[in-house]
There are 2 protein chains.
Amino acid sequence: MKAAERQLRIRQMLESRDFIDSETLGRELDASESSVRRDLDILEQEGVLRRVYGGAVSVQVPPTRAFDYAVESVRLSDEKSRIGRLAAGLIEDGQTVILDGGSTVAAVAGQLASKSLHIVTNSLPIAEGLESLRNIELTLTGGYLDPRSRVLLGPFCEQMLGAIRADAVIMGIGGINETGLSNNNTLVVGSEQKMIAVAARVIIVADHTKFGRGGMIPVAPLAAAHIVVSDAALRPEYVAMLRDHGIDVLLA
Amino acid sequence: MKAAERQLRIRQMLESRDFIDSETLGRELDASESSVRRDLDILEQEGVLRRVYGGAVSVQVPPTRAFDYAVESVRLSDEKSRIGRLAAGLIEDGQTVILDGGSTVAAVAGQLASKSLHIVTNSLPIAEGLESLRNIELTLTGGYLDPRSRVLLGPFCEQMLGAIRADAVIMGIGGINETGLSNNNTLVVGSEQKMIAVAARVIIVADHTKFGRGGMIPVAPLAAAHIVVSDAALRPEYVAMLRDHGIDVLLA
DNA sequence: ACAGACGATGAAAGCTGCTGAACGGCAACT
DNA sequence: AGTTGCCGTTCAGCAGCTTTCATCGTCTGT
């Protein structure tokens, strides 16, 4: 394995982990710890990570400061923040991205803070978390404001979503099983279907507890999703099911 | 487990817990209590937590939001709140009302809290002020979020406004003189023109300092307004000018 | 095709700094 | 005042870091 490839792999690993120790890196990359250390030096100079005793930590734009206001009530579990980081890694500078509501998507939003993006969202908490960032151009959908979830809904929201095109949509979901994606909130389903329709890539974020569950309202068949990001506790049969449908599965 | 990783885990644990005792930390992190104590020292220096006897408590983030609101309410002068009360009296239960952005309009919004209304607004601060009220149905326009004024703008906003009808619009304004209403913020003008077009009654709220001023961008001729609400310090010639155009003038 | 230069790699040596255990002191509770 | 439990300090041991060097593969010029 060449140096450039190792460094790429290290970058990827840091998308889903806060910290990696040198020993693990050496083993996973099949290289000596000397080489790993050299790679870490280079990546540190590039600002990708920070070297610490025992390994390296990923240098994130402190989500604890940039985004906490929006999600102060929603305690982010470890799993969700790992999913967030991994999903955020799928988005590249300059893209237009639709963000659905929901706490898992909010976790992704926090990790997008360092990128230059055009974000379209119907979620007020997410908008509030991102609005102060100069590198993010923020567009809200219109619509009725649901006071419980603080999400914009209804025909105006759908109409506006129908008028745009996006590189990707990042969407949370109530339940996933072999029959497809589903949700329990009746009102958001229409907007979510529109989001899927206008986005070139559909990225579903869902922790492992969402699998096997069927929500009340079907949203879309499995084939509508291009990428599913979940956590390591996802049972293998679900991974296989998704891959059978041609869906990329990433586990944080 | 390395020091850096332990400290990250401690940070995460404090996201969901206010207090952690040293013994639990030592067990969960698989490290000696000595090491845990050292970590806590470091994290305390970084301001993440505060050490207490038996463990550590998370240090709550100072709410910068409260500062914003404080500034806003200080700026809300006696005149504006009187104008707000008077203008709110023009609105009846059950109506659909469009609210423009701006601090004077925000003063009106505060006085609308007791009524049962359907409010349409492009202002995030106003939406945040009203969203918790059960008697108010709230619809936001879509559009680009202007980070400075926190108002939704642009073609999506105008398109959505064009699709609705309202009983009234309550609008602040940058300047009023014999040539009409004008504003200094280029971007909001298009939305304001739409609001005027779709509302049955156009209610302009403006303290007396706005009169005689000409803003950079013309918004509408005087005749577009149906009611102007100002304060008692408004000079009589302006009252006469407005009445000559068939506009009702109310002085708070 | 061959020789030399260059960069990358892994191993070894020496050093730095982290770790856990032990111990005395102090705070909290009875 | 006594007991219990927690804290800060100290120190030996060791894991990990840096530096150095020999080796190997690749590239370049002749």
# chains A, B, ... in the order shown; residues from 1 in each chain; ligands from 1
$ interface_residues --of "chain C" --to "chain A" --cutoff "12 Å" --atoms "only C-alpha atoms (C1' of nucleotides)" --output "short mmCIF file (atom, residue, chain, number, x, y, z; two decimals) with all heavy atoms, in the first residue's frame"
data_model
loop_
_atom_site.label_atom_id
_atom_site.label_comp_id
_atom_site.auth_asym_id
_atom_site.auth_seq_id
_atom_site.Cartn_x
_atom_site.Cartn_y
_atom_site.Cartn_z
P DG C 7 14.23 13.40 -3.00
OP1 DG C 7 13.59 14.69 -3.27
OP2 DG C 7 15.30 13.28 -1.98
"O5'" DG C 7 13.09 12.33 -2.67
"C5'" DG C 7 12.24 11.88 -3.70
"C4'" DG C 7 11.50 10.64 -3.23
"O4'" DG C 7 12.40 9.51 -3.21
"C3'" DG C 7 10.93 10.76 -1.82
"O3'" DG C 7 9.60 10.26 -1.81
"C2'" DG C 7 11.87 9.91 -0.97
"C1'" DG C 7 12.30 8.85 -1.97
N9 DG C 7 13.61 8.27 -1.67
C8 DG C 7 14.76 8.95 -1.36
N7 DG C 7 15.78 8.16 -1.15
C5 DG C 7 15.26 6.88 -1.33
C6 DG C 7 15.88 5.62 -1.23
O6 DG C 7 17.06 5.37 -0.96
N1 DG C 7 14.99 4.58 -1.49
C2 DG C 7 13.67 4.74 -1.80
N2 DG C 7 12.96 3.63 -2.01
N3 DG C 7 13.06 5.92 -1.89
C4 DG C 7 13.93 6.94 -1.65
P DA C 8 8.70 10.37 -0.49
OP1 DA C 8 7.40 10.92 -0.88
OP2 DA C 8 9.50 11.01 0.57
"O5'" DA C 8 8.51 8.84 -0.12
"C5'" DA C 8 8.15 7.92 -1.14
"C4'" DA C 8 8.24 6.51 -0.60
"O4'" DA C 8 9.63 6.14 -0.49
"C3'" DA C 8 7.64 6.32 0.80
"O3'" DA C 8 6.86 5.13 0.81
"C2'" DA C 8 8.84 6.24 1.71
"C1'" DA C 8 9.88 5.60 0.80
N9 DA C 8 11.26 5.93 1.15
C8 DA C 8 11.81 7.16 1.30
N7 DA C 8 13.09 7.15 1.60
C5 DA C 8 13.40 5.80 1.63
C6 DA C 8 14.60 5.10 1.89
N6 DA C 8 15.75 5.71 2.17
N1 DA C 8 14.56 3.76 1.84
C2 DA C 8 13.39 3.15 1.56
N3 DA C 8 12.21 3.70 1.30
C4 DA C 8 12.27 5.03 1.35
P DT C 9 5.95 4.79 2.03
OP1 DT C 9 4.72 4.21 1.46
OP2 DT C 9 5.87 5.98 2.90
"O5'" DT C 9 6.74 3.67 2.78
"C5'" DT C 9 7.12 2.49 2.08
"C4'" DT C 9 8.11 1.72 2.92
"O4'" DT C 9 9.35 2.46 3.00
"C3'" DT C 9 7.70 1.47 4.37
"O3'" DT C 9 7.37 0.10 4.53
"C2'" DT C 9 8.91 1.89 5.21
"C1'" DT C 9 10.00 2.06 4.18
N1 DT C 9 11.02 3.10 4.49
C2 DT C 9 12.32 2.70 4.74
O2 DT C 9 12.68 1.53 4.74
N3 DT C 9 13.19 3.73 5.01
C4 DT C 9 12.90 5.09 5.03
O4 DT C 9 13.76 5.91 5.29
C5 DT C 9 11.53 5.42 4.76
C7 DT C 9 11.11 6.86 4.77
C6 DT C 9 10.65 4.43 4.50
P DG C 10 6.55 -0.39 5.78
OP1 DG C 10 5.70 -1.51 5.34
OP2 DG C 10 5.95 0.77 6.45
"O5'" DG C 10 7.70 -0.98 6.72
"C5'" DG C 10 8.57 -1.97 6.19
"C4'" DG C 10 9.73 -2.18 7.12
"O4'" DG C 10 10.59 -1.01 7.09
"C3'" DG C 10 9.37 -2.39 8.59
"O3'" DG C 10 10.21 -3.41 9.13
"C2'" DG C 10 9.66 -1.04 9.23
"C1'" DG C 10 10.87 -0.60 8.42
N9 DG C 10 11.11 0.83 8.38
C8 DG C 10 10.16 1.83 8.26
N7 DG C 10 10.69 3.04 8.25
C5 DG C 10 12.06 2.82 8.37
C6 DG C 10 13.13 3.74 8.40
O6 DG C 10 13.09 4.97 8.32
N1 DG C 10 14.36 3.09 8.52
C2 DG C 10 14.53 1.73 8.60
N2 DG C 10 15.78 1.28 8.71
N3 DG C 10 13.53 0.85 8.57
C4 DG C 10 12.33 1.47 8.44
P DA C 11 9.85 -4.10 10.47
OP1 DA C 11 9.58 -5.52 10.18
OP2 DA C 11 8.87 -3.29 11.21
"O5'" DA C 11 11.25 -4.01 11.23
"C5'" DA C 11 12.45 -4.34 10.54
"C4'" DA C 11 13.64 -3.76 11.27
"O4'" DA C 11 13.69 -2.33 11.01
"C3'" DA C 11 13.59 -3.92 12.80
"O3'" DA C 11 14.85 -4.39 13.26
"C2'" DA C 11 13.29 -2.52 13.31
"C1'" DA C 11 13.91 -1.65 12.24
N9 DA C 11 13.27 -0.34 12.09
C8 DA C 11 11.94 -0.07 11.95
N7 DA C 11 11.67 1.21 11.83
C5 DA C 11 12.91 1.83 11.89
C6 DA C 11 13.31 3.18 11.82
N6 DA C 11 12.45 4.20 11.66
N1 DA C 11 14.64 3.44 11.91
C2 DA C 11 15.49 2.42 12.07
N3 DA C 11 15.23 1.11 12.15
C4 DA C 11 13.91 0.89 12.04
P DA C 12 15.03 -4.86 14.73
OP1 DA C 12 15.82 -6.11 14.71
OP2 DA C 12 13.72 -4.80 15.41
"O5'" DA C 12 15.95 -3.70 15.35
"C5'" DA C 12 17.09 -3.26 14.62
"C4'" DA C 12 17.72 -2.08 15.32
"O4'" DA C 12 16.98 -0.87 14.96
"C3'" DA C 12 17.70 -2.16 16.85
"O3'" DA C 12 18.96 -1.76 17.36
"C2'" DA C 12 16.59 -1.20 17.25
"C1'" DA C 12 16.64 -0.16 16.15
N9 DA C 12 15.39 0.53 15.88
C8 DA C 12 14.14 -0.02 15.81
N7 DA C 12 13.20 0.86 15.54
C5 DA C 12 13.88 2.06 15.43
C6 DA C 12 13.45 3.37 15.16
N6 DA C 12 12.17 3.69 14.94
N1 DA C 12 14.39 4.34 15.13
C2 DA C 12 15.67 4.01 15.35
N3 DA C 12 16.18 2.81 15.61
C4 DA C 12 15.24 1.87 15.64
P DT C 16 14.77 13.45 26.75
OP1 DT C 16 15.20 14.84 26.52
OP2 DT C 16 15.12 12.76 28.00
"O5'" DT C 16 13.18 13.40 26.56
"C5'" DT C 16 12.64 13.47 25.25
"C4'" DT C 16 11.15 13.22 25.31
"O4'" DT C 16 10.89 11.80 25.40
"C3'" DT C 16 10.44 13.87 26.49
"O3'" DT C 16 9.28 14.52 26.02
"C2'" DT C 16 10.14 12.70 27.42
"C1'" DT C 16 9.98 11.54 26.44
N1 DT C 16 10.32 10.19 26.99
C2 DT C 16 9.44 9.16 26.79
O2 DT C 16 8.40 9.28 26.19
N3 DT C 16 9.85 7.95 27.31
C4 DT C 16 11.03 7.70 27.99
O4 DT C 16 11.28 6.58 28.40
C5 DT C 16 11.90 8.82 28.16
C7 DT C 16 13.20 8.65 28.88
C6 DT C 16 11.51 10.01 27.66
P DG C 17 8.45 15.47 26.98
OP1 DG C 17 7.91 16.59 26.16
OP2 DG C 17 9.21 15.73 28.22
"O5'" DG C 17 7.23 14.52 27.32
"C5'" DG C 17 6.56 13.85 26.27
"C4'" DG C 17 5.62 12.83 26.84
"O4'" DG C 17 6.37 11.69 27.34
"C3'" DG C 17 4.80 13.33 28.04
"O3'" DG C 17 3.54 12.73 27.96
"C2'" DG C 17 5.58 12.79 29.22
"C1'" DG C 17 5.97 11.43 28.67
N9 DG C 17 7.08 10.75 29.34
C8 DG C 17 8.21 11.31 29.87
N7 DG C 17 9.03 10.43 30.38
C5 DG C 17 8.38 9.21 30.18
C6 DG C 17 8.78 7.90 30.53
O6 DG C 17 9.81 7.53 31.09
N1 DG C 17 7.82 6.96 30.13
C2 DG C 17 6.64 7.26 29.49
N2 DG C 17 5.85 6.24 29.19
N3 DG C 17 6.27 8.48 29.16
C4 DG C 17 7.19 9.40 29.54
P DC C 18 2.25 13.32 28.61
OP1 DC C 18 1.53 14.11 27.61
OP2 DC C 18 2.63 13.91 29.91
"O5'" DC C 18 1.40 11.99 28.86
"C5'" DC C 18 1.23 11.10 27.77
"C4'" DC C 18 1.02 9.70 28.29
"O4'" DC C 18 2.24 9.21 28.91
"C3'" DC C 18 -0.06 9.58 29.36
"O3'" DC C 18 -0.92 8.52 29.01
"C2'" DC C 18 0.70 9.35 30.65
"C1'" DC C 18 1.95 8.63 30.16
N1 DC C 18 3.17 8.81 31.01
C2 DC C 18 3.79 7.69 31.58
O2 DC C 18 3.32 6.57 31.38
N3 DC C 18 4.90 7.86 32.34
C4 DC C 18 5.39 9.08 32.53
N4 DC C 18 6.49 9.20 33.28
C5 DC C 18 4.78 10.24 31.97
C6 DC C 18 3.67 10.06 31.22
#
$ interface_residues --of "chain B" --to "chain A" --cutoff "9 Å" --atoms "only C-alpha atoms" --output "ChimeraX atom specification"
/B:1-5,8-9,12-13,15-16,61,63-65,120,122,124,127,131-134,137-148,150,152-153,156-157,159-160,163
$ calpha_fit_rmsd --fixed "chain A" --moving "chain B"
18.9 Å
$ residues_around --residues "range 1-11 of chain D" --least-positions-apart "3" --cutoff "10 Å" --atoms "only C-alpha atoms (C1' of nucleotides)" --output "list of chain:residue names"
B:Ser22, B:Ser34, B:Arg37, B:Tyr53, B:Gly54, B:Gly55, C:DA21, C:DA22, C:DC23, C:DG24, C:DG25, C:DC26, C:DA27, C:DA28, C:DC29, C:DT30
$ select_by_dssp --residues "range 17-244 of chain A" --states "strand (DSSP E)" --output "ChimeraX atom specification"
/A:19-21,49-52,55-58,96-99,117-121,136-140,143-146,151-153,166-171,175-177,180-183,199-205,217-220,227-230
$ write_last_selection --atoms "C-alpha atoms" --output "PDB file, in the first residue's frame"
ATOM      1  CA  PHE A  19      -9.693   8.957  17.574  1.00  0.00           C
ATOM      2  CA  ILE A  20      -7.432   6.296  16.138  1.00  0.00           C
ATOM      3  CA  ASP A  21      -4.350   4.899  17.804  1.00  0.00           C
ATOM      4  CA  LEU A  49      -6.187  15.766  12.055  1.00  0.00           C
ATOM      5  CA  ARG A  50      -4.327  16.576  15.209  1.00  0.00           C
ATOM      6  CA  ARG A  51      -1.645  14.284  16.492  1.00  0.00           C
ATOM      7  CA  VAL A  52      -1.901  13.290  20.108  1.00  0.00           C
ATOM      8  CA  GLY A  55      -2.522   8.313  17.829  1.00  0.00           C
ATOM      9  CA  ALA A  56      -4.534  11.119  16.289  1.00  0.00           C
ATOM     10  CA  VAL A  57      -7.886  12.820  16.717  1.00  0.00           C
ATOM     11  CA  SER A  58      -9.920  14.172  13.855  1.00  0.00           C
ATOM     12  CA  THR A  96     -26.543  21.663  -3.066  1.00  0.00           C
ATOM     13  CA  VAL A  97     -27.887  19.431  -0.330  1.00  0.00           C
ATOM     14  CA  ILE A  98     -31.401  19.009   1.025  1.00  0.00           C
ATOM     15  CA  LEU A  99     -31.625  18.253   4.733  1.00  0.00           C
ATOM     16  CA  LEU A 117     -22.463  24.272   0.592  1.00  0.00           C
ATOM     17  CA  HIS A 118     -25.903  25.349  -0.437  1.00  0.00           C
ATOM     18  CA  ILE A 119     -28.255  23.806   2.096  1.00  0.00           C
ATOM     19  CA  VAL A 120     -32.005  23.541   1.571  1.00  0.00           C
ATOM     20  CA  THR A 121     -33.961  22.472   4.627  1.00  0.00           C
ATOM     21  CA  ILE A 136     -23.165  27.942   4.043  1.00  0.00           C
ATOM     22  CA  GLU A 137     -25.871  29.427   1.904  1.00  0.00           C
ATOM     23  CA  LEU A 138     -29.149  28.532   3.491  1.00  0.00           C
ATOM     24  CA  THR A 139     -32.561  28.246   1.881  1.00  0.00           C
ATOM     25  CA  LEU A 140     -35.690  27.296   3.766  1.00  0.00           C
ATOM     26  CA  GLY A 143     -44.936  25.927   4.585  1.00  0.00           C
ATOM     27  CA  TYR A 144     -46.928  25.337   7.722  1.00  0.00           C
ATOM     28  CA  LEU A 145     -44.726  25.244  10.809  1.00  0.00           C
ATOM     29  CA  ASP A 146     -45.437  22.112  12.802  1.00  0.00           C
ATOM     30  CA  VAL A 151     -40.472  21.422  10.613  1.00  0.00           C
ATOM     31  CA  LEU A 152     -42.093  23.142   7.636  1.00  0.00           C
ATOM     32  CA  LEU A 153     -44.734  21.058   5.932  1.00  0.00           C
ATOM     33  CA  ALA A 166     -30.200  19.084  -5.521  1.00  0.00           C
ATOM     34  CA  ASP A 167     -27.050  16.981  -5.617  1.00  0.00           C
ATOM     35  CA  ALA A 168     -28.163  15.014  -2.594  1.00  0.00           C
ATOM     36  CA  VAL A 169     -30.773  14.687   0.097  1.00  0.00           C
ATOM     37  CA  ILE A 170     -29.925  13.502   3.596  1.00  0.00           C
ATOM     38  CA  MET A 171     -32.983  12.047   5.210  1.00  0.00           C
ATOM     39  CA  GLY A 175     -38.588   2.625   9.876  1.00  0.00           C
ATOM     40  CA  ILE A 176     -36.896   0.455   7.271  1.00  0.00           C
ATOM     41  CA  ASN A 177     -37.831  -3.072   6.298  1.00  0.00           C
ATOM     42  CA  GLY A 180     -39.326   0.033   1.981  1.00  0.00           C
ATOM     43  CA  LEU A 181     -38.913   3.251   3.942  1.00  0.00           C
ATOM     44  CA  SER A 182     -41.710   4.435   6.193  1.00  0.00           C
ATOM     45  CA  ASN A 183     -42.518   7.121   8.704  1.00  0.00           C
ATOM     46  CA  ALA A 199     -32.246  14.867  -5.401  1.00  0.00           C
ATOM     47  CA  ALA A 200     -29.633  13.130  -7.520  1.00  0.00           C
ATOM     48  CA  ARG A 201     -28.435  11.054  -4.557  1.00  0.00           C
ATOM     49  CA  VAL A 202     -30.664   9.875  -1.737  1.00  0.00           C
ATOM     50  CA  ILE A 203     -28.734   9.313   1.489  1.00  0.00           C
ATOM     51  CA  ILE A 204     -30.702   7.702   4.311  1.00  0.00           C
ATOM     52  CA  VAL A 205     -29.348   8.021   7.848  1.00  0.00           C
ATOM     53  CA  ILE A 217     -47.001   5.568   6.418  1.00  0.00           C
ATOM     54  CA  PRO A 218     -44.903   4.220   3.540  1.00  0.00           C
ATOM     55  CA  VAL A 219     -42.574   6.842   2.074  1.00  0.00           C
ATOM     56  CA  ALA A 220     -40.735   5.087  -0.701  1.00  0.00           C
ATOM     57  CA  ILE A 227     -26.808   5.116   0.225  1.00  0.00           C
ATOM     58  CA  VAL A 228     -27.791   4.074   3.741  1.00  0.00           C
ATOM     59  CA  VAL A 229     -25.633   5.147   6.673  1.00  0.00           C
ATOM     60  CA  SER A 230     -26.148   3.304   9.935  1.00  0.00           C
TER      61      SER A 230
END
$ select_by_dssp --residues "range 9-209 of chain B" --states "helix (DSSP H, G or I)" --output "PyMOL selection string"
chain B and resi 9-16+22-29+33-45+64-75+78-88+103-111+124-130+154-162+188-198+208-209
$ residues_around --residues "range 241-245 of chain B" --least-positions-apart "3" --cutoff "9 Å" --atoms "only C-alpha atoms (C1' of nucleotides)" --output "JSON, numbers by chain"
{"B": [177, 178, 222, 223, 228, 236, 237, 238, 248, 249]}
$ write_last_selection --atoms "all heavy atoms" --output "short mmCIF file (atom, residue, chain, number, x, y, z; two decimals), in the first residue's frame"
data_model
loop_
_atom_site.label_atom_id
_atom_site.label_comp_id
_atom_site.auth_asym_id
_atom_site.auth_seq_id
_atom_site.Cartn_x
_atom_site.Cartn_y
_atom_site.Cartn_z
N ASN B 177 -42.47 59.23 2.19
CA ASN B 177 -42.67 60.64 1.84
C ASN B 177 -43.72 60.71 0.73
O ASN B 177 -44.36 59.70 0.42
CB ASN B 177 -41.35 61.32 1.47
CG ASN B 177 -40.68 60.66 0.27
OD1 ASN B 177 -41.34 59.96 -0.51
ND2 ASN B 177 -39.39 60.88 0.11
N GLU B 178 -43.88 61.89 0.14
CA GLU B 178 -44.99 62.07 -0.80
C GLU B 178 -44.86 61.15 -2.02
O GLU B 178 -45.85 60.86 -2.69
CB GLU B 178 -45.12 63.54 -1.22
CG GLU B 178 -43.90 64.13 -1.93
CD GLU B 178 -42.78 64.49 -0.95
OE1 GLU B 178 -42.98 64.38 0.27
OE2 GLU B 178 -41.70 64.86 -1.43
N LEU B 222 -47.91 55.71 -2.29
CA LEU B 222 -48.65 55.88 -1.04
C LEU B 222 -50.01 55.20 -1.09
O LEU B 222 -50.47 54.64 -0.10
CB LEU B 222 -48.84 57.38 -0.77
CG LEU B 222 -47.73 58.09 0.00
CD1 LEU B 222 -48.13 59.52 0.28
CD2 LEU B 222 -47.41 57.36 1.29
N ALA B 223 -50.62 55.26 -2.26
CA ALA B 223 -51.99 54.74 -2.38
C ALA B 223 -52.08 53.24 -2.10
O ALA B 223 -53.18 52.72 -1.86
CB ALA B 223 -52.52 55.03 -3.79
N VAL B 228 -52.06 53.53 8.12
CA VAL B 228 -50.72 53.77 8.63
C VAL B 228 -50.82 53.98 10.14
O VAL B 228 -51.64 54.78 10.60
CB VAL B 228 -50.07 55.01 7.97
CG1 VAL B 228 -48.79 55.41 8.70
CG2 VAL B 228 -49.77 54.73 6.50
N PRO B 236 -48.19 67.04 11.87
CA PRO B 236 -49.54 67.09 11.29
C PRO B 236 -49.53 67.12 9.77
O PRO B 236 -50.45 66.59 9.14
CB PRO B 236 -50.11 68.39 11.86
CG PRO B 236 -49.32 68.66 13.08
CD PRO B 236 -47.96 68.11 12.85
N GLU B 237 -48.53 67.74 9.16
CA GLU B 237 -48.55 67.80 7.70
C GLU B 237 -48.45 66.41 7.08
O GLU B 237 -49.00 66.16 6.00
CB GLU B 237 -47.44 68.71 7.15
CG GLU B 237 -46.04 68.32 7.54
CD GLU B 237 -45.50 69.15 8.69
OE1 GLU B 237 -46.29 69.40 9.63
OE2 GLU B 237 -44.32 69.56 8.64
N TYR B 238 -47.77 65.50 7.76
CA TYR B 238 -47.69 64.14 7.21
C TYR B 238 -49.03 63.43 7.37
O TYR B 238 -49.47 62.68 6.50
CB TYR B 238 -46.58 63.35 7.89
CG TYR B 238 -45.21 63.82 7.48
CD1 TYR B 238 -44.30 64.31 8.42
CD2 TYR B 238 -44.81 63.78 6.14
CE1 TYR B 238 -43.06 64.75 8.05
CE2 TYR B 238 -43.57 64.22 5.76
CZ TYR B 238 -42.69 64.71 6.72
OH TYR B 238 -41.46 65.16 6.35
N ASP B 248 -56.14 55.82 6.17
CA ASP B 248 -56.47 56.02 7.58
C ASP B 248 -55.17 56.15 8.37
O ASP B 248 -54.24 55.35 8.20
CB ASP B 248 -57.26 54.83 8.12
CG ASP B 248 -58.70 54.86 7.65
OD1 ASP B 248 -59.20 55.98 7.36
OD2 ASP B 248 -59.33 53.79 7.56
N VAL B 249 -55.12 57.14 9.26
CA VAL B 249 -53.92 57.32 10.08
C VAL B 249 -54.28 57.12 11.54
O VAL B 249 -55.22 57.75 12.04
CB VAL B 249 -53.33 58.73 9.87
CG1 VAL B 249 -52.08 58.90 10.72
CG2 VAL B 249 -53.02 58.96 8.40
#
$ interface_residues --of "chain D" --to "chain A" --cutoff "10 Å" --atoms "only C-alpha atoms (C1' of nucleotides)" --output "JSON, numbers by chain"
{"D": [15, 16, 17]}
$ residues_around --residues "DT19 in chain D" --least-positions-apart "5" --cutoff "10 Å" --atoms "only C-alpha atoms (C1' of nucleotides)" --output "PDB file with N, CA and C atoms (P, O5', C5', C4', C3', O3' and C1' of nucleotides), in the first residue's frame"
ATOM      1  P    DA C  13      19.253  -1.863  18.901  1.00  0.00           P
ATOM      2  O5'  DA C  13      19.430  -0.331  19.307  1.00  0.00           O
ATOM      3  C5'  DA C  13      20.206   0.537  18.481  1.00  0.00           C
ATOM      4  C4'  DA C  13      20.167   1.947  19.044  1.00  0.00           C
ATOM      5  C3'  DA C  13      20.201   2.008  20.570  1.00  0.00           C
ATOM      6  O3'  DA C  13      21.035   3.079  20.987  1.00  0.00           O
ATOM      7  C1'  DA C  13      18.221   3.049  19.776  1.00  0.00           C
ATOM      8  P    DG C  14      21.471   3.201  22.511  1.00  0.00           P
ATOM      9  O5'  DG C  14      20.809   4.579  22.926  1.00  0.00           O
ATOM     10  C5'  DG C  14      20.873   5.695  22.032  1.00  0.00           C
ATOM     11  C4'  DG C  14      19.784   6.673  22.390  1.00  0.00           C
ATOM     12  C3'  DG C  14      19.630   6.923  23.900  1.00  0.00           C
ATOM     13  O3'  DG C  14      19.619   8.324  24.120  1.00  0.00           O
ATOM     14  C1'  DG C  14      17.537   6.422  22.930  1.00  0.00           C
ATOM     15  P    DC C  15      19.553   8.909  25.586  1.00  0.00           P
ATOM     16  O5'  DC C  15      18.157   9.678  25.516  1.00  0.00           O
ATOM     17  C5'  DC C  15      17.844  10.449  24.354  1.00  0.00           C
ATOM     18  C4'  DC C  15      16.375  10.801  24.369  1.00  0.00           C
ATOM     19  C3'  DC C  15      15.858  11.340  25.708  1.00  0.00           C
ATOM     20  O3'  DC C  15      15.231  12.582  25.489  1.00  0.00           O
ATOM     21  C1'  DC C  15      14.457   9.587  24.917  1.00  0.00           C
TER      22       DC C  15
END
$ atom_distance --atom1 "CA of Gly172 in chain A" --atom2 "CA of Gly102 in chain A"
6.1 Å
